[in-house]
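What follows is a short report on a single structure.
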Amino acid sequence: MTEHTTGRPGVPVGITGTGVHVPERVVTNDELVRTGLDTSDSWITERTGIRERRFLPSGRTTSDMCVAAAEEALREAGVGAARLDAIIISTFTHDQPLPSTALMVKERLGAHRALPLDLNQAACAGGVYGLWLAAHLLHNEALENVLVIGAECLSRVTDPRDRGTRVFFGDAAGAAVVARTRPGHGLLAWHADSKLSHSVEIPAGGSRLPASPETAAAGEHFLKMDGRVVWKEATEHLPDSVRAVLDAAGHAVDEVDHFVFHQANLNIIKEAMRELGQPLDRAVISVDRLGNTGAATVFLGLHELMAGGRARSGDLIVVSAIGAGFLWGSLCLRHLN
């Protein structure tokens with residue numbers, strides 16, 4: 001770990017409201033098996049902990065989910081869209097490569113003065129990176145409210161015939177309004193790091209392998225994932241990142257009231273908690289019923305804690321995620337009702 005990968009904010013910044021959107025359509029393990037996927041409910045459950053996930057209906061888009069989650073977060077925060085100074089959206093399943101998804105959402109919300117920012121390749125770490133960026137934007141005294149959204153429509157980029165990806169992923173969006181807060185609360189510290197790997201990738205569609213009939217026929221536009229590498233990287237880096245952010249914040253692991261991990265796989269969360277010496281009931285779990293929803297997952301957990309009333313004022317929360325790249329990082333927060 002290099003010195004620059006941890007830090008503490010110069011001004012107190014916290015989350016003032018959260019929102020989520022989860023599609024209505026439930027896709028069970030049994031349904032995937034009935035579509036001809038070479039797997040079984042017991043295989044999926046044992047290896048991933050996932051029982052079901054949600055798929056977005058045809059005709060709906062990632063930006064639709066973003067708007068729905070954003071509207072709830074704005075209501076919870078008591079902030080009108082016209083008061084937003086920036087909108088950060090993390091997704092690699094944007095509506096289309098151009099124009100900007102953040103700009104689409106800005107226009108639909110009526111956030112006329114907001115700066116639209118897109119994080120297109122942070123993948124499952126996008127929630128942590130988006131919140132980090134929002135906190136740093138708020139060091140500018142001219143800015144007051146930043147909306148951060150993590151959203152993925154992963155059902156559209158996984159091969160229906162590939163059990164190594166299809167069983168893991170679902171669709172959802174989550175949002176948080178970030179603003180300055182009382183000293184001693186909100187974001188206390190952050191940690192981030194990275195290491196280049198192609199173990200999780202979409203090979204085609206860029207300048208290296210442009211889209212063509214051949215790449216489409218070969219399935220090169222679908223997500224590819226080496227599950228063994230993901231397990232190794234996640235179980236190594238998530239616990240280390242949690243320790244690093246807590247060290248920067250001046251707190252011990254035992255002081256943490258709630259852990260919000262990226263929901264890649266229930267077994268990864270269990271292993272991370274075991275490595276940290278913490279009981280599993282301190283971790284927020286949604287992967288069993290929603291699957292891996294990419295950049296949305298940490299927002300789903302924060303919403304359950306904050307809007308659901310599970311977190312009490314003063315509780316210490318650690319948010320930690322790893323995504324394709326690999327990119328990983330953690331945030332340490334002190335909750336304020």
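Ordering of the structure tokens sets the chain letters (A, B, ...), residue numbers begin anew at 1 in every chain, and ligands are numbered from 1 in the order given.
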Nearby residues (only C-alpha atoms) at most 6 Å from stretch 111-120 of chain A, same-chain spacing under 5 positions excluded, as JSON, numbers by chain: {"A": [81, 82, 84, 85, 86, 87, 88, 89, 90, 91, 92, 102, 103, 106]}
Exercise: A:Ser199 partners within 10 Å, only C-alpha atoms, chain neighbours under 4 positions left out, as a VMD selection string: chain A and resid 224 to 230 324 to 326
Generate the output file for the selected residues, C-alpha atoms, as a short mmCIF file (atom, residue, chain, number, x, y, z; two decimals), in the first residue's frame.
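Wrote it out as selection.cif, contents follow:
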data_model
loop_
_atom_site.label_atom_id
_atom_site.label_comp_id
_atom_site.auth_asym_id
_atom_site.auth_seq_id
_atom_site.Cartn_x
_atom_site.Cartn_y
_atom_site.Cartn_z
CA LYS A 224 -16.21 -12.47 -19.19
CA MET A 225 -15.10 -13.39 -15.67
CA ASP A 226 -12.53 -15.70 -14.11
CA GLY A 227 -14.27 -16.53 -10.84
CA ARG A 228 -11.17 -18.00 -9.18
CA VAL A 229 -9.19 -14.79 -9.72
CA VAL A 230 -12.10 -12.70 -8.45
CA ALA A 324 -13.11 -5.14 -12.51
CA GLY A 325 -9.81 -3.59 -13.25
CA PHE A 326 -9.07 -4.40 -10.45
#
Using only C-alpha atoms, tabulate the residues of stretch 69-132 of chain A lying at most 12 Å from any atom of stretch 204-223 of chain A, each with its closest atom pair and that distance in Å to one decimal, by chain and increasing residue number, as a Markdown table.
| residue | atom | partner | partner_atom | distance |
| --- | --- | --- | --- | --- |
| A:Phe92 | CA | A:Leu223 | CA | 10.7 |
| A:Thr93 | CA | A:Leu223 | CA | 10.7 |
| A:Gln96 | CA | A:Gly205 | CA | 11.7 |
| A:Pro97 | CA | A:Gly205 | CA | 9.8 |
| A:Ala123 | CA | A:Leu223 | CA | 11.4 |
Store the residues picked out above in a file with N, CA and C atoms, as a PDB file, in the first residue's frame.
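Result saved to result.pdb:
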ATOM      1  N   PHE A  92     -21.264   0.715 -16.032  1.00  0.00           N
ATOM      2  CA  PHE A  92     -20.657   0.322 -17.299  1.00  0.00           C
ATOM      3  C   PHE A  92     -21.715  -0.297 -18.211  1.00  0.00           C
ATOM      4  N   THR A  93     -22.993  -0.174 -17.805  1.00  0.00           N
ATOM      5  CA  THR A  93     -24.111  -0.638 -18.624  1.00  0.00           C
ATOM      6  C   THR A  93     -25.001   0.555 -18.957  1.00  0.00           C
ATOM      7  N   GLN A  96     -26.373   3.972 -23.735  1.00  0.00           N
ATOM      8  CA  GLN A  96     -25.623   3.900 -24.983  1.00  0.00           C
ATOM      9  C   GLN A  96     -24.285   4.588 -24.756  1.00  0.00           C
ATOM     10  N   PRO A  97     -23.268   4.301 -25.605  1.00  0.00           N
ATOM     11  CA  PRO A  97     -21.949   4.893 -25.368  1.00  0.00           C
ATOM     12  C   PRO A  97     -21.956   6.414 -25.324  1.00  0.00           C
ATOM     13  N   ALA A 123     -16.770  -0.030 -12.604  1.00  0.00           N
ATOM     14  CA  ALA A 123     -17.481  -1.287 -12.392  1.00  0.00           C
ATOM     15  C   ALA A 123     -18.021  -1.395 -10.959  1.00  0.00           C
TER      16      ALA A 123
END
DSSP alpha helix (DSSP H) residues within stretch 232-303 of chain A, as a ChimeraX atom specification: /A:232-249,266-276,287-290,297-303
Would you save the residues from that selection as a PDB file, in the first residue's frame, using C-alpha atoms?
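The result, stored in result05.pdb:
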ATOM      1  CA  LYS A 232      -8.486 -14.437  -4.689  1.00  0.00           C
ATOM      2  CA  GLU A 233      -8.400 -10.682  -5.288  1.00  0.00           C
ATOM      3  CA  ALA A 234     -11.567  -9.909  -3.318  1.00  0.00           C
ATOM      4  CA  THR A 235     -10.725 -11.974  -0.254  1.00  0.00           C
ATOM      5  CA  GLU A 236      -7.214 -10.493  -0.165  1.00  0.00           C
ATOM      6  CA  HIS A 237      -7.928  -6.830  -0.841  1.00  0.00           C
ATOM      7  CA  LEU A 238     -11.279  -6.200   0.883  1.00  0.00           C
ATOM      8  CA  PRO A 239     -10.092  -7.035   4.432  1.00  0.00           C
ATOM      9  CA  ASP A 240      -6.811  -5.165   3.877  1.00  0.00           C
ATOM     10  CA  SER A 241      -8.694  -2.128   2.575  1.00  0.00           C
ATOM     11  CA  VAL A 242     -11.019  -2.151   5.598  1.00  0.00           C
ATOM     12  CA  ARG A 243      -8.042  -2.243   7.959  1.00  0.00           C
ATOM     13  CA  ALA A 244      -6.344   0.569   6.039  1.00  0.00           C
ATOM     14  CA  VAL A 245      -9.343   2.900   6.146  1.00  0.00           C
ATOM     15  CA  LEU A 246      -9.950   2.237   9.827  1.00  0.00           C
ATOM     16  CA  ASP A 247      -6.310   2.920  10.594  1.00  0.00           C
ATOM     17  CA  ALA A 248      -6.611   6.235   8.737  1.00  0.00           C
ATOM     18  CA  ALA A 249      -9.791   7.051  10.673  1.00  0.00           C
ATOM     19  CA  LEU A 266     -22.102 -14.310  -0.263  1.00  0.00           C
ATOM     20  CA  ASN A 267     -19.113 -16.576   0.313  1.00  0.00           C
ATOM     21  CA  ILE A 268     -16.713 -13.679  -0.347  1.00  0.00           C
ATOM     22  CA  ILE A 269     -18.517 -11.560   2.258  1.00  0.00           C
ATOM     23  CA  LYS A 270     -18.381 -14.426   4.751  1.00  0.00           C
ATOM     24  CA  GLU A 271     -14.655 -14.883   4.139  1.00  0.00           C
ATOM     25  CA  ALA A 272     -13.958 -11.155   4.510  1.00  0.00           C
ATOM     26  CA  MET A 273     -15.850 -11.017   7.801  1.00  0.00           C
ATOM     27  CA  ARG A 274     -14.074 -14.139   9.028  1.00  0.00           C
ATOM     28  CA  GLU A 275     -10.705 -12.606   8.142  1.00  0.00           C
ATOM     29  CA  LEU A 276     -11.664  -9.450  10.049  1.00  0.00           C
ATOM     30  CA  VAL A 287     -26.787 -10.660  -2.666  1.00  0.00           C
ATOM     31  CA  ASP A 288     -28.989 -13.611  -1.703  1.00  0.00           C
ATOM     32  CA  ARG A 289     -32.131 -11.941  -3.068  1.00  0.00           C
ATOM     33  CA  LEU A 290     -30.744  -9.418  -5.586  1.00  0.00           C
ATOM     34  CA  THR A 297     -24.690  -2.789  -4.385  1.00  0.00           C
ATOM     35  CA  VAL A 298     -23.160  -0.475  -1.789  1.00  0.00           C
ATOM     36  CA  PHE A 299     -26.045   1.977  -2.191  1.00  0.00           C
ATOM     37  CA  LEU A 300     -28.540  -0.824  -1.562  1.00  0.00           C
ATOM     38  CA  GLY A 301     -26.731  -1.545   1.700  1.00  0.00           C
ATOM     39  CA  LEU A 302     -26.516   2.097   2.743  1.00  0.00           C
ATOM     40  CA  HIS A 303     -30.217   2.568   2.003  1.00  0.00           C
TER      41      HIS A 303
END
Contacts of A:Val318 within 6 Å, only C-alpha atoms, excl. fewer than 6 positions in-chain, as number ranges by chain: A: 259, 331-332
Give me a file of those residues, with N, CA and C atoms, as a JSON list (two decimals), in the first residue's frame.
[["chain", "number", "residue", "atom", "x", "y", "z"],
["A", 259, "PHE", "N", -20.93, -3.23, 8.36],
["A", 259, "PHE", "CA", -20.07, -3.38, 7.19],
["A", 259, "PHE", "C", -20.95, -3.46, 5.95],
["A", 331, "LEU", "N", -14.54, 3.23, 2.52],
["A", 331, "LEU", "CA", -14.88, 4.49, 3.18],
["A", 331, "LEU", "C", -15.29, 4.19, 4.61],
["A", 332, "CYS", "N", -14.90, 5.06, 5.53],
["A", 332, "CYS", "CA", -15.33, 4.95, 6.92],
["A", 332, "CYS", "C", -16.22, 6.15, 7.22]]
Using only C-alpha atoms: which of A:Leu37, A:Val253, A:Gly78, A:Asn29 has the shortest distance to A:Gly164: A:Leu37
